[in-house]
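With mmCIF, C-alpha atoms; chains and numbers go by the auth columns inside, this is entry-v6.cif:
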```cif
data_start
#
loop_
_atom_site.group_PDB
_atom_site.id
_atom_site.type_symbol
_atom_site.label_atom_id
_atom_site.label_comp_id
_atom_site.label_asym_id
_atom_site.label_seq_id
_atom_site.Cartn_x
_atom_site.Cartn_y
_atom_site.Cartn_z
_atom_site.B_iso_or_equiv
_atom_site.auth_seq_id
_atom_site.auth_asym_id
ATOM 1 C CA MET A 1 7.902 -6.903 -40.916 0.00 11 A
ATOM 2 C CA TYR A 2 8.643 -8.319 -37.461 0.00 12 A
ATOM 3 C CA ALA A 3 11.221 -6.096 -35.762 0.00 13 A
ATOM 4 C CA PRO A 4 11.540 -6.784 -32.017 0.00 14 A
ATOM 5 C CA ILE A 5 13.468 -4.176 -30.042 0.00 15 A
ATOM 6 C CA ILE A 6 16.048 -6.354 -28.333 0.00 16 A
ATOM 7 C CA VAL A 7 19.550 -5.369 -27.339 0.00 17 A
ATOM 8 C CA ASP A 8 21.759 -8.236 -28.439 0.00 18 A
ATOM 9 C CA ASP A 9 25.364 -8.479 -29.602 0.00 19 A
ATOM 10 C CA SER A 10 25.391 -12.153 -30.609 0.00 20 A
ATOM 11 C CA PRO A 11 27.082 -12.836 -33.992 0.00 21 A
ATOM 12 C CA ARG A 12 24.633 -13.004 -36.915 0.00 22 A
ATOM 13 C CA SER A 13 24.857 -14.628 -40.314 0.00 23 A
ATOM 14 C CA VAL A 14 25.705 -11.996 -42.938 0.00 24 A
ATOM 15 C CA ALA A 15 23.655 -13.743 -45.617 0.00 25 A
ATOM 16 C CA HIS A 16 20.746 -14.430 -43.251 0.00 26 A
ATOM 17 C CA PRO A 17 20.622 -11.782 -40.472 0.00 27 A
ATOM 18 C CA HIS A 18 17.575 -13.484 -38.952 0.00 28 A
ATOM 19 C CA LEU A 19 19.847 -16.380 -37.920 0.00 29 A
ATOM 20 C CA TYR A 20 22.326 -16.548 -35.066 0.00 30 A
ATOM 21 C CA LEU A 21 25.741 -17.871 -35.965 0.00 31 A
ATOM 22 C CA ASP A 22 26.896 -20.803 -33.845 0.00 32 A
ATOM 23 C CA GLU A 23 30.563 -20.014 -33.223 0.00 33 A
ATOM 24 C CA GLU A 24 31.556 -23.693 -32.887 0.00 34 A
ATOM 25 C CA THR A 25 29.770 -25.160 -35.915 0.00 35 A
ATOM 26 C CA SER A 26 29.309 -21.962 -37.980 0.00 36 A
ATOM 27 C CA GLN A 27 25.724 -23.117 -38.519 0.00 37 A
ATOM 28 C CA GLY A 28 22.809 -20.701 -38.590 0.00 38 A
ATOM 29 C CA ILE A 29 20.406 -20.912 -35.645 0.00 39 A
ATOM 30 C CA PRO A 30 16.907 -19.384 -36.004 0.00 40 A
ATOM 31 C CA PHE A 31 16.510 -16.157 -34.071 0.00 41 A
ATOM 32 C CA ASN A 32 13.894 -16.455 -31.311 0.00 42 A
ATOM 33 C CA PRO A 33 13.653 -13.312 -29.137 0.00 43 A
ATOM 34 C CA PHE A 34 11.604 -15.157 -26.523 0.00 44 A
ATOM 35 C CA THR A 35 14.223 -17.818 -25.778 0.00 45 A
ATOM 36 C CA LYS A 36 17.305 -15.620 -26.042 0.00 46 A
ATOM 37 C CA LYS A 37 18.733 -14.975 -22.584 0.00 47 A
ATOM 38 C CA SER A 38 19.448 -11.393 -21.529 0.00 48 A
ATOM 39 C CA THR A 39 21.981 -10.371 -18.908 0.00 49 A
ATOM 40 C CA ALA A 40 19.671 -7.528 -17.897 0.00 50 A
ATOM 41 C CA TRP A 41 17.642 -9.934 -15.731 0.00 51 A
ATOM 42 C CA SER A 42 20.445 -12.109 -14.382 0.00 52 A
ATOM 43 C CA ASN A 43 20.980 -10.128 -11.157 0.00 53 A
ATOM 44 C CA ILE A 44 17.329 -9.942 -10.099 0.00 54 A
ATOM 45 C CA THR A 45 16.538 -11.864 -6.930 0.00 55 A
ATOM 46 C CA SER A 46 13.177 -12.880 -5.516 0.00 56 A
ATOM 47 C CA ALA A 47 11.701 -10.589 -2.878 0.00 57 A
ATOM 48 C CA PRO A 48 11.148 -12.197 0.543 0.00 58 A
ATOM 49 C CA GLU A 49 7.684 -13.621 1.102 0.00 59 A
ATOM 50 C CA ASP A 50 5.339 -11.268 2.918 0.00 60 A
ATOM 51 C CA ALA A 51 4.840 -12.567 6.473 0.00 61 A
ATOM 52 C CA VAL A 52 1.063 -11.987 6.511 0.00 62 A
ATOM 53 C CA PHE A 53 0.449 -13.613 3.150 0.00 63 A
ATOM 54 C CA LYS A 54 2.703 -16.473 4.199 0.00 64 A
ATOM 55 C CA VAL A 55 0.277 -17.198 7.046 0.00 65 A
ATOM 56 C CA SER A 56 -2.596 -17.237 4.552 0.00 66 A
ATOM 57 C CA ARG A 57 -0.687 -19.570 2.258 0.00 67 A
ATOM 58 C CA LEU A 58 0.080 -21.969 5.105 0.00 68 A
ATOM 59 C CA TYR A 59 -3.582 -21.831 6.132 0.00 69 A
ATOM 60 C CA LYS A 60 -4.680 -22.927 2.651 0.00 70 A
ATOM 61 C CA GLU A 61 -2.120 -25.717 2.604 0.00 71 A
ATOM 62 C CA CYS A 62 -3.144 -27.026 6.044 0.00 72 A
ATOM 63 C CA ASN A 63 -5.613 -29.932 6.089 0.00 73 A
ATOM 64 C CA ASP A 64 -6.638 -29.642 9.750 0.00 74 A
ATOM 65 C CA PRO A 65 -10.448 -29.135 9.841 0.00 75 A
ATOM 66 C CA LYS A 66 -10.101 -26.983 12.988 0.00 76 A
ATOM 67 C CA LYS A 67 -7.713 -24.500 11.390 0.00 77 A
ATOM 68 C CA VAL A 68 -8.324 -20.746 11.821 0.00 78 A
ATOM 69 C CA ASP A 69 -6.904 -18.045 9.583 0.00 79 A
ATOM 70 C CA LEU A 70 -5.359 -15.268 11.701 0.00 80 A
ATOM 71 C CA GLY A 71 -3.544 -13.690 8.786 0.00 81 A
ATOM 72 C CA ILE A 72 -5.150 -11.004 6.642 0.00 82 A
ATOM 73 C CA GLY A 73 -7.701 -8.991 8.607 0.00 83 A
ATOM 74 C CA ALA A 74 -11.162 -9.298 7.051 0.00 84 A
ATOM 75 C CA TYR A 75 -14.735 -9.820 8.167 0.00 85 A
ATOM 76 C CA ARG A 76 -15.452 -13.534 7.836 0.00 86 A
ATOM 77 C CA GLY A 77 -18.453 -15.785 8.232 0.00 87 A
ATOM 78 C CA GLU A 78 -18.714 -19.012 10.205 0.00 88 A
ATOM 79 C CA ASP A 79 -17.307 -20.854 7.190 0.00 89 A
ATOM 80 C CA GLY A 80 -14.096 -18.816 7.370 0.00 90 A
ATOM 81 C CA LYS A 81 -14.725 -17.147 4.019 0.00 91 A
ATOM 82 C CA PRO A 82 -14.818 -13.340 3.556 0.00 92 A
ATOM 83 C CA LEU A 83 -18.215 -11.977 4.579 0.00 93 A
ATOM 84 C CA VAL A 84 -20.037 -10.008 1.889 0.00 94 A
ATOM 85 C CA LEU A 85 -21.663 -7.069 3.666 0.00 95 A
ATOM 86 C CA ASP A 86 -25.340 -6.374 2.888 0.00 96 A
ATOM 87 C CA ALA A 87 -24.456 -2.906 1.550 0.00 97 A
ATOM 88 C CA VAL A 88 -22.000 -4.456 -0.925 0.00 98 A
ATOM 89 C CA ALA A 89 -24.532 -7.050 -2.061 0.00 99 A
ATOM 90 C CA LYS A 90 -27.186 -4.343 -2.597 0.00 100 A
ATOM 91 C CA ALA A 91 -24.756 -2.148 -4.539 0.00 101 A
ATOM 92 C CA LYS A 92 -23.815 -5.036 -6.830 0.00 102 A
ATOM 93 C CA GLY A 93 -27.498 -5.794 -7.319 0.00 103 A
ATOM 94 C CA LYS A 94 -28.155 -2.208 -8.424 0.00 104 A
ATOM 95 C CA LEU A 95 -25.273 -2.343 -10.884 0.00 105 A
ATOM 96 C CA ALA A 96 -26.541 -5.620 -12.317 0.00 106 A
ATOM 97 C CA SER A 97 -30.050 -4.200 -12.863 0.00 107 A
ATOM 98 C CA MET A 98 -28.815 -0.892 -14.294 0.00 108 A
ATOM 99 C CA PRO A 99 -29.184 -0.451 -18.085 0.00 109 A
ATOM 100 C CA THR A 100 -25.755 -0.957 -19.596 0.00 110 A
ATOM 101 C CA GLN A 101 -25.840 2.403 -21.411 0.00 111 A
ATOM 102 C CA LYS A 102 -25.933 4.166 -18.043 0.00 112 A
ATOM 103 C CA TRP A 103 -22.640 2.668 -16.970 0.00 113 A
ATOM 104 C CA THR A 104 -19.754 5.111 -16.985 0.00 114 A
ATOM 105 C CA HIS A 105 -16.791 3.638 -18.808 0.00 115 A
ATOM 106 C CA GLU A 106 -15.142 6.900 -19.818 0.00 116 A
ATOM 107 C CA TYR A 107 -11.617 7.725 -18.687 0.00 117 A
ATOM 108 C CA GLN A 108 -11.720 9.523 -15.359 0.00 118 A
ATOM 109 C CA PRO A 109 -9.731 12.662 -14.479 0.00 119 A
ATOM 110 C CA ILE A 110 -6.315 12.103 -12.908 0.00 120 A
ATOM 111 C CA THR A 111 -7.765 12.810 -9.462 0.00 121 A
ATOM 112 C CA GLY A 112 -10.555 10.250 -9.924 0.00 122 A
ATOM 113 C CA HIS A 113 -14.350 10.224 -10.080 0.00 123 A
ATOM 114 C CA SER A 114 -15.561 13.542 -8.639 0.00 124 A
ATOM 115 C CA GLU A 115 -18.879 12.214 -7.289 0.00 125 A
ATOM 116 C CA PHE A 116 -17.128 9.308 -5.596 0.00 126 A
ATOM 117 C CA LEU A 117 -14.595 11.674 -4.009 0.00 127 A
ATOM 118 C CA ALA A 118 -17.339 13.968 -2.709 0.00 128 A
ATOM 119 C CA ALA A 119 -19.222 11.013 -1.196 0.00 129 A
ATOM 120 C CA ALA A 120 -16.019 9.711 0.399 0.00 130 A
ATOM 121 C CA GLN A 121 -15.293 13.123 1.945 0.00 131 A
ATOM 122 C CA ASN A 122 -18.831 13.340 3.306 0.00 132 A
ATOM 123 C CA LEU A 123 -18.393 9.925 4.887 0.00 133 A
ATOM 124 C CA ALA A 124 -14.962 10.696 6.376 0.00 134 A
ATOM 125 C CA PHE A 125 -15.487 14.268 7.557 0.00 135 A
ATOM 126 C CA GLY A 126 -19.241 14.913 7.458 0.00 136 A
ATOM 127 C CA LYS A 127 -20.989 17.353 5.127 0.00 137 A
ATOM 128 C CA GLU A 128 -20.717 20.318 7.520 0.00 138 A
ATOM 129 C CA ILE A 129 -16.930 20.062 7.861 0.00 139 A
ATOM 130 C CA ARG A 130 -16.505 19.379 4.150 0.00 140 A
ATOM 131 C CA PHE A 131 -18.405 22.499 3.140 0.00 141 A
ATOM 132 C CA SER A 132 -16.826 24.663 5.843 0.00 142 A
ATOM 133 C CA LEU A 133 -13.327 23.754 4.609 0.00 143 A
ATOM 134 C CA GLY A 134 -14.202 24.553 1.017 0.00 144 A
ATOM 135 C CA GLY A 135 -11.151 24.484 -1.245 0.00 145 A
ATOM 136 C CA ARG A 136 -8.857 23.519 1.647 0.00 146 A
ATOM 137 C CA LEU A 137 -10.118 19.923 1.439 0.00 147 A
ATOM 138 C CA THR A 138 -9.191 17.861 -1.572 0.00 148 A
ATOM 139 C CA GLY A 139 -9.298 14.210 -2.513 0.00 149 A
ATOM 140 C CA LEU A 140 -7.524 11.789 -4.816 0.00 150 A
ATOM 141 C CA GLN A 141 -8.788 8.382 -5.900 0.00 151 A
ATOM 142 C CA THR A 142 -6.142 5.656 -5.632 0.00 152 A
ATOM 143 C CA LEU A 143 -5.767 1.941 -6.106 0.00 153 A
ATOM 144 C CA SER A 144 -6.283 0.408 -2.647 0.00 154 A
ATOM 145 C CA GLY A 145 -4.890 1.487 0.713 0.00 155 A
ATOM 146 C CA THR A 146 -1.358 0.566 -0.309 0.00 156 A
ATOM 147 C CA GLY A 147 -1.657 2.790 -3.367 0.00 157 A
ATOM 148 C CA ALA A 148 -2.968 5.633 -1.217 0.00 158 A
ATOM 149 C CA CYS A 149 -0.042 5.336 1.208 0.00 159 A
ATOM 150 C CA ARG A 150 2.484 5.142 -1.616 0.00 160 A
ATOM 151 C CA LEU A 151 1.177 8.228 -3.426 0.00 161 A
ATOM 152 C CA GLY A 152 0.626 10.167 -0.206 0.00 162 A
ATOM 153 C CA ILE A 153 4.082 9.512 1.210 0.00 163 A
ATOM 154 C CA GLU A 154 5.700 10.265 -2.140 0.00 164 A
ATOM 155 C CA PHE A 155 3.820 13.591 -2.147 0.00 165 A
ATOM 156 C CA VAL A 156 5.064 14.286 1.388 0.00 166 A
ATOM 157 C CA ARG A 157 8.625 13.702 0.203 0.00 167 A
ATOM 158 C CA GLN A 158 8.154 16.192 -2.625 0.00 168 A
ATOM 159 C CA LEU A 159 6.931 18.822 -0.163 0.00 169 A
ATOM 160 C CA GLY A 160 10.439 18.818 1.256 0.00 170 A
ATOM 161 C CA GLN A 161 9.371 20.021 4.707 0.00 171 A
ATOM 162 C CA SER A 162 11.319 17.221 6.400 0.00 172 A
ATOM 163 C CA ASN A 163 13.007 14.029 5.266 0.00 173 A
ATOM 164 C CA ALA A 164 11.844 12.096 8.346 0.00 174 A
ATOM 165 C CA ILE A 165 8.689 10.046 8.745 0.00 175 A
ATOM 166 C CA TYR A 166 7.743 8.584 12.135 0.00 176 A
ATOM 167 C CA LEU A 167 5.886 5.266 12.306 0.00 177 A
ATOM 168 C CA PRO A 168 4.525 3.489 15.374 0.00 178 A
ATOM 169 C CA LYS A 169 6.910 0.772 16.509 0.00 179 A
ATOM 170 C CA GLN A 170 4.140 -1.744 15.820 0.00 180 A
ATOM 171 C CA THR A 171 2.672 -1.040 12.391 0.00 181 A
ATOM 172 C CA TRP A 172 1.748 -2.606 9.083 0.00 182 A
ATOM 173 C CA ALA A 173 4.941 -3.941 7.442 0.00 183 A
ATOM 174 C CA ASN A 174 4.289 -2.124 4.169 0.00 184 A
ATOM 175 C CA HIS A 175 4.486 1.266 5.893 0.00 185 A
ATOM 176 C CA THR A 176 8.223 0.863 6.452 0.00 186 A
ATOM 177 C CA ALA A 177 8.811 -0.383 2.902 0.00 187 A
ATOM 178 C CA ILE A 178 6.819 2.500 1.417 0.00 188 A
ATOM 179 C CA GLY A 179 8.697 5.085 3.482 0.00 189 A
ATOM 180 C CA LYS A 180 12.064 3.666 2.387 0.00 190 A
ATOM 181 C CA ALA A 181 10.936 3.461 -1.245 0.00 191 A
ATOM 182 C CA ALA A 182 10.123 7.183 -1.066 0.00 192 A
ATOM 183 C CA GLN A 183 13.697 7.749 0.204 0.00 193 A
ATOM 184 C CA LEU A 184 12.539 9.084 3.557 0.00 194 A
ATOM 185 C CA GLU A 185 14.323 8.504 6.852 0.00 195 A
ATOM 186 C CA VAL A 186 12.028 6.035 8.614 0.00 196 A
ATOM 187 C CA MET A 187 11.923 6.544 12.381 0.00 197 A
ATOM 188 C CA GLU A 188 9.838 4.921 15.144 0.00 198 A
ATOM 189 C CA TYR A 189 7.780 6.206 18.035 0.00 199 A
ATOM 190 C CA ARG A 190 6.687 4.046 20.943 0.00 200 A
ATOM 191 C CA TYR A 191 3.132 2.765 20.746 0.00 201 A
ATOM 192 C CA ILE A 192 2.355 -0.352 22.813 0.00 202 A
ATOM 193 C CA ASP A 193 3.310 -0.462 26.503 0.00 203 A
ATOM 194 C CA GLU A 194 5.599 -3.486 26.298 0.00 204 A
ATOM 195 C CA SER A 195 5.476 -3.984 30.065 0.00 205 A
ATOM 196 C CA LYS A 196 1.794 -4.995 29.781 0.00 206 A
ATOM 197 C CA VAL A 197 1.872 -7.768 27.213 0.00 207 A
ATOM 198 C CA GLU A 198 -1.177 -9.674 28.489 0.00 208 A
ATOM 199 C CA THR A 199 -3.393 -6.566 28.495 0.00 209 A
ATOM 200 C CA PRO A 200 -2.094 -4.421 25.602 0.00 210 A
ATOM 201 C CA GLN A 201 -2.317 -0.704 26.274 0.00 211 A
ATOM 202 C CA LEU A 202 -1.126 2.422 24.547 0.00 212 A
ATOM 203 C CA ASP A 203 2.155 3.813 25.848 0.00 213 A
ATOM 204 C CA ILE A 204 0.876 7.357 25.544 0.00 214 A
ATOM 205 C CA GLU A 205 3.696 8.950 27.553 0.00 215 A
ATOM 206 C CA GLY A 206 6.389 7.158 25.544 0.00 216 A
ATOM 207 C CA MET A 207 4.621 8.083 22.315 0.00 217 A
ATOM 208 C CA LEU A 208 4.373 11.764 23.209 0.00 218 A
ATOM 209 C CA ASN A 209 7.989 11.886 24.385 0.00 219 A
ATOM 210 C CA ASP A 210 9.167 10.450 21.061 0.00 220 A
ATOM 211 C CA LEU A 211 7.011 12.852 19.043 0.00 221 A
ATOM 212 C CA ASN A 212 8.275 15.776 21.117 0.00 222 A
ATOM 213 C CA SER A 213 11.790 14.723 20.122 0.00 223 A
ATOM 214 C CA ALA A 214 10.962 14.543 16.424 0.00 224 A
ATOM 215 C CA PRO A 215 12.467 17.235 14.204 0.00 225 A
ATOM 216 C CA VAL A 216 10.189 20.155 13.451 0.00 226 A
ATOM 217 C CA GLY A 217 8.126 19.481 10.342 0.00 227 A
ATOM 218 C CA ALA A 218 8.544 15.707 10.375 0.00 228 A
ATOM 219 C CA THR A 219 5.711 13.499 9.119 0.00 229 A
ATOM 220 C CA VAL A 220 3.904 11.299 11.646 0.00 230 A
ATOM 221 C CA LEU A 221 1.926 8.297 10.448 0.00 231 A
ATOM 222 C CA LEU A 222 -1.098 7.729 12.701 0.00 232 A
ATOM 223 C CA HIS A 223 -3.635 4.888 12.579 0.00 233 A
ATOM 224 C CA LEU A 224 -7.000 6.601 12.916 0.00 234 A
ATOM 225 C CA CYS A 225 -8.754 3.470 14.215 0.00 235 A
ATOM 226 C CA ALA A 226 -8.404 -0.320 14.377 0.00 236 A
ATOM 227 C CA HIS A 227 -4.639 -0.033 14.760 0.00 237 A
ATOM 228 C CA ASN A 228 -2.883 -2.618 12.636 0.00 238 A
ATOM 229 C CA PRO A 229 -1.709 -5.017 14.028 0.00 239 A
ATOM 230 C CA THR A 230 -2.498 -4.414 17.724 0.00 240 A
ATOM 231 C CA GLY A 231 -6.084 -3.152 17.658 0.00 241 A
ATOM 232 C CA VAL A 232 -5.177 -0.647 20.409 0.00 242 A
ATOM 233 C CA ASP A 233 -6.452 2.868 19.693 0.00 243 A
ATOM 234 C CA PRO A 234 -6.002 6.154 21.603 0.00 244 A
ATOM 235 C CA THR A 235 -8.932 7.497 23.583 0.00 245 A
ATOM 236 C CA ILE A 236 -10.489 10.852 22.698 0.00 246 A
ATOM 237 C CA ASP A 237 -8.459 12.584 25.420 0.00 247 A
ATOM 238 C CA GLN A 238 -5.271 10.896 24.226 0.00 248 A
ATOM 239 C CA TRP A 239 -5.981 12.022 20.656 0.00 249 A
ATOM 240 C CA LYS A 240 -6.239 15.595 21.918 0.00 250 A
ATOM 241 C CA ARG A 241 -2.810 15.319 23.537 0.00 251 A
ATOM 242 C CA ILE A 242 -1.360 13.838 20.346 0.00 252 A
ATOM 243 C CA ALA A 243 -2.861 16.710 18.338 0.00 253 A
ATOM 244 C CA GLU A 244 -1.352 19.268 20.711 0.00 254 A
ATOM 245 C CA VAL A 245 2.143 17.821 20.282 0.00 255 A
ATOM 246 C CA CYS A 246 1.762 17.682 16.489 0.00 256 A
ATOM 247 C CA ALA A 247 0.692 21.331 16.453 0.00 257 A
ATOM 248 C CA SER A 248 3.477 22.507 18.772 0.00 258 A
ATOM 249 C CA ARG A 249 6.192 20.717 16.736 0.00 259 A
ATOM 250 C CA ASP A 250 4.609 21.564 13.379 0.00 260 A
ATOM 251 C CA LEU A 251 4.448 17.826 12.643 0.00 261 A
ATOM 252 C CA LEU A 252 2.545 16.701 9.560 0.00 262 A
ATOM 253 C CA PRO A 253 -0.050 14.038 10.492 0.00 263 A
ATOM 254 C CA PHE A 254 -0.409 11.288 7.886 0.00 264 A
ATOM 255 C CA VAL A 255 -3.586 9.509 8.992 0.00 265 A
#
```
How does the structure come out when it is put into structure tokens?
Amino acid sequence: MYAPIIVDDSPRSVAHPHLYLDEETSQGIPFNPFTKKSTAWSNITSAPEDAVFKVSRLYKECNDPKKVDLGIGAYRGEDGKPLVLDAVAKAKGKLASMPTQKWTHEYQPITGHSEFLAAAQNLAFGKEIRFSLGGRLTGLQTLSGTGACRLGIEFVRQLGQSNAIYLPKQTWANHTAIGKAAQLEVMEYRYIDESKVETPQLDIEGMLNDLNSAPVGATVLLHLCAHNPTGVDPTIDQWKRIAEVCASRDLLPFV
């Protein structure tokens, strides 16, 4: 028996409940759950187009042979297409030559593939630091960088240490949306020295002043390298100063 779960209060035929009753003609109309309109969706509006992806869309629609895509950041070849790194090509080659019965298609634990997580920690921190930290270092496999930020910031909210998260004034647009979606108070700290537009530099003094004014325990989102979208990164000495302020204010770095 076909029994779709659909909330609907339209009048039905008593003799034939599978038919709608047309109130004007009293004629039965076949019930089709896929064409019946629902008020549940009537107030949904389209989200605004992402600015970065809009650039990529306009690039694809442009017919100028000299066009250059300055939208999504990715390594590209001379043809403008994403560059497949040699390491990626070799890895795919190994997978293709691997006997199919050696592939792992089992469900993974909630935290992800343990061997992958260990390799990722070795790459990010180095084996010596990883082993020295022991159980203090943990990892979680996520779907993409956006997924990692979403889960991480949601976890920060649940910690309840502070309801504020500080983002650089120039940052990836999704960071603000993710912070708001997690119901955190999204604040800004100065990042680029806006008095030096032609030669972008870090406004380290403005940044430190803003972080020193942040409430104790607030979360601070920091771009570890290749700052998006400016490409301006702190020097080693500047990172040390940033770390000192975070420690003195008990700020939680979200890197």
- Task: Please provide the set of residues having any atom within 7 Å of Ala174 in chain A, restricted to all atoms listed in the file, with same-chain residues fewer than 5 positions apart removed, written as a PyMOL selection string.
- Result: chain A and resi 194-197+228-229
Write the selection just made, keeping C-alpha atoms, as a PDB file, in the coordinates of the input?
```
ATOM      1  CA  LEU A 194      12.539   9.084   3.557  1.00  0.00           C
ATOM      2  CA  GLU A 195      14.323   8.504   6.852  1.00  0.00           C
ATOM      3  CA  VAL A 196      12.028   6.035   8.614  1.00  0.00           C
ATOM      4  CA  MET A 197      11.923   6.544  12.381  1.00  0.00           C
ATOM      5  CA  ALA A 228       8.544  15.707  10.375  1.00  0.00           C
ATOM      6  CA  THR A 229       5.711  13.499   9.119  1.00  0.00           C
TER       7      THR A 229
END
```
- Around the point (-11.0, -21.3, 11.8), in the coordinates given by the file, pick out the residues reaching within 9 Å, counting all atoms listed in the file, and return them as a PyMOL selection string. chain A and resi 75-80+88-90
Keeping only C-alpha atoms, write the selected residues as a tab-separated table (two decimals), in the frame of the given file.
```tsv
chain	number	residue	atom	x	y	z
A	75	PRO	CA	-10.45	-29.14	9.84
A	76	LYS	CA	-10.10	-26.98	12.99
A	77	LYS	CA	-7.71	-24.50	11.39
A	78	VAL	CA	-8.32	-20.75	11.82
A	79	ASP	CA	-6.90	-18.05	9.58
A	80	LEU	CA	-5.36	-15.27	11.70
A	88	GLU	CA	-18.71	-19.01	10.20
A	89	ASP	CA	-17.31	-20.85	7.19
A	90	GLY	CA	-14.10	-18.82	7.37
```
- Message: For the PyMOL selection byres ((chain A and resi 161) around 12), applied here, can you spell out every residue it catches as a ChimeraX atom specification?
- Response: /A:121,150-160,162-168,188-189,191-192,264
Env of Pro178 in chain A: 9 Å cut, atoms = only C-alpha atoms, seq-sep filter 2 positions within chain, self excluded. Answer as a PDB file with C-alpha atoms, in the frame of the given file.
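Generated output (result22.pdb):
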```pdb
ATOM      1  CA  TYR A 176       7.743   8.584  12.135  1.00  0.00           C
ATOM      2  CA  GLN A 180       4.140  -1.744  15.820  1.00  0.00           C
ATOM      3  CA  THR A 181       2.672  -1.040  12.391  1.00  0.00           C
ATOM      4  CA  MET A 197      11.923   6.544  12.381  1.00  0.00           C
ATOM      5  CA  GLU A 198       9.838   4.921  15.144  1.00  0.00           C
ATOM      6  CA  TYR A 199       7.780   6.206  18.035  1.00  0.00           C
ATOM      7  CA  ARG A 200       6.687   4.046  20.943  1.00  0.00           C
ATOM      8  CA  TYR A 201       3.132   2.765  20.746  1.00  0.00           C
ATOM      9  CA  ILE A 202       2.355  -0.352  22.813  1.00  0.00           C
ATOM     10  CA  MET A 217       4.621   8.083  22.315  1.00  0.00           C
ATOM     11  CA  VAL A 230       3.904  11.299  11.646  1.00  0.00           C
ATOM     12  CA  LEU A 231       1.926   8.297  10.448  1.00  0.00           C
ATOM     13  CA  LEU A 232      -1.098   7.729  12.701  1.00  0.00           C
ATOM     14  CA  HIS A 233      -3.635   4.888  12.579  1.00  0.00           C
TER      15      HIS A 233
END
```
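In this structure, CA of Asn238 in chain A sits 22.7 Å away from CA of Gln131 in chain A.
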Kindly provide, as JSON, the centre and edge lengths (Å, one decimal) of an axis-aligned box around all atoms of range 139-146 of chain A given in the file, with 3 Å on each side.
```
{"center_x": -13.6, "center_y": 22.0, "center_z": 3.3, "size_x": 15.5, "size_y": 11.3, "size_z": 15.1}
```
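Note that the spacing between CA of Ile214 in chain A and CA of Lys179 in chain A amounts to 12.7 Å.
We find CA of Glu71 in chain A and CA of Ile54 in chain A to be spaced 28.1 Å apart.
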- Expected selection from the PyMOL selection byres ((chain A and resi 248) around 12), given as a PyMOL selection string: chain A and resi 212-215+217-218+243-247+249-255
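If you count only C-alpha atoms and draw a sphere of 12 Å around (-7.0, -8.5, 6.7), the protein and nucleic acid residues inside it come out as Val62, Phe63, Val65, Ser66, Asp79, Leu80, Gly81, Ile82, Gly83, Ala84, Tyr85, Arg86, Lys91, Pro92, Leu93, Gly155, Trp182, Ala236, His237, Asn238 and Pro239 of chain A.
Closest approach to Gln171 in chain A among A:Ala57, A:Thr148, A:Ala106, A:Leu262 is made by A:Leu262 (distances from only C-alpha atoms).
Using all atoms listed in the file, the shortest contact distance between Glu204 in chain A and any of A:Gly136, A:Gly216, A:Thr55, A:Cys256 is found at A:Gly216.
Nearest-residue note for Thr209 in chain A: choosing from A:Thr240, A:Ser124, A:Thr114, A:Asn222, the minimum distance belongs to A:Thr240, counting all atoms listed in the file.
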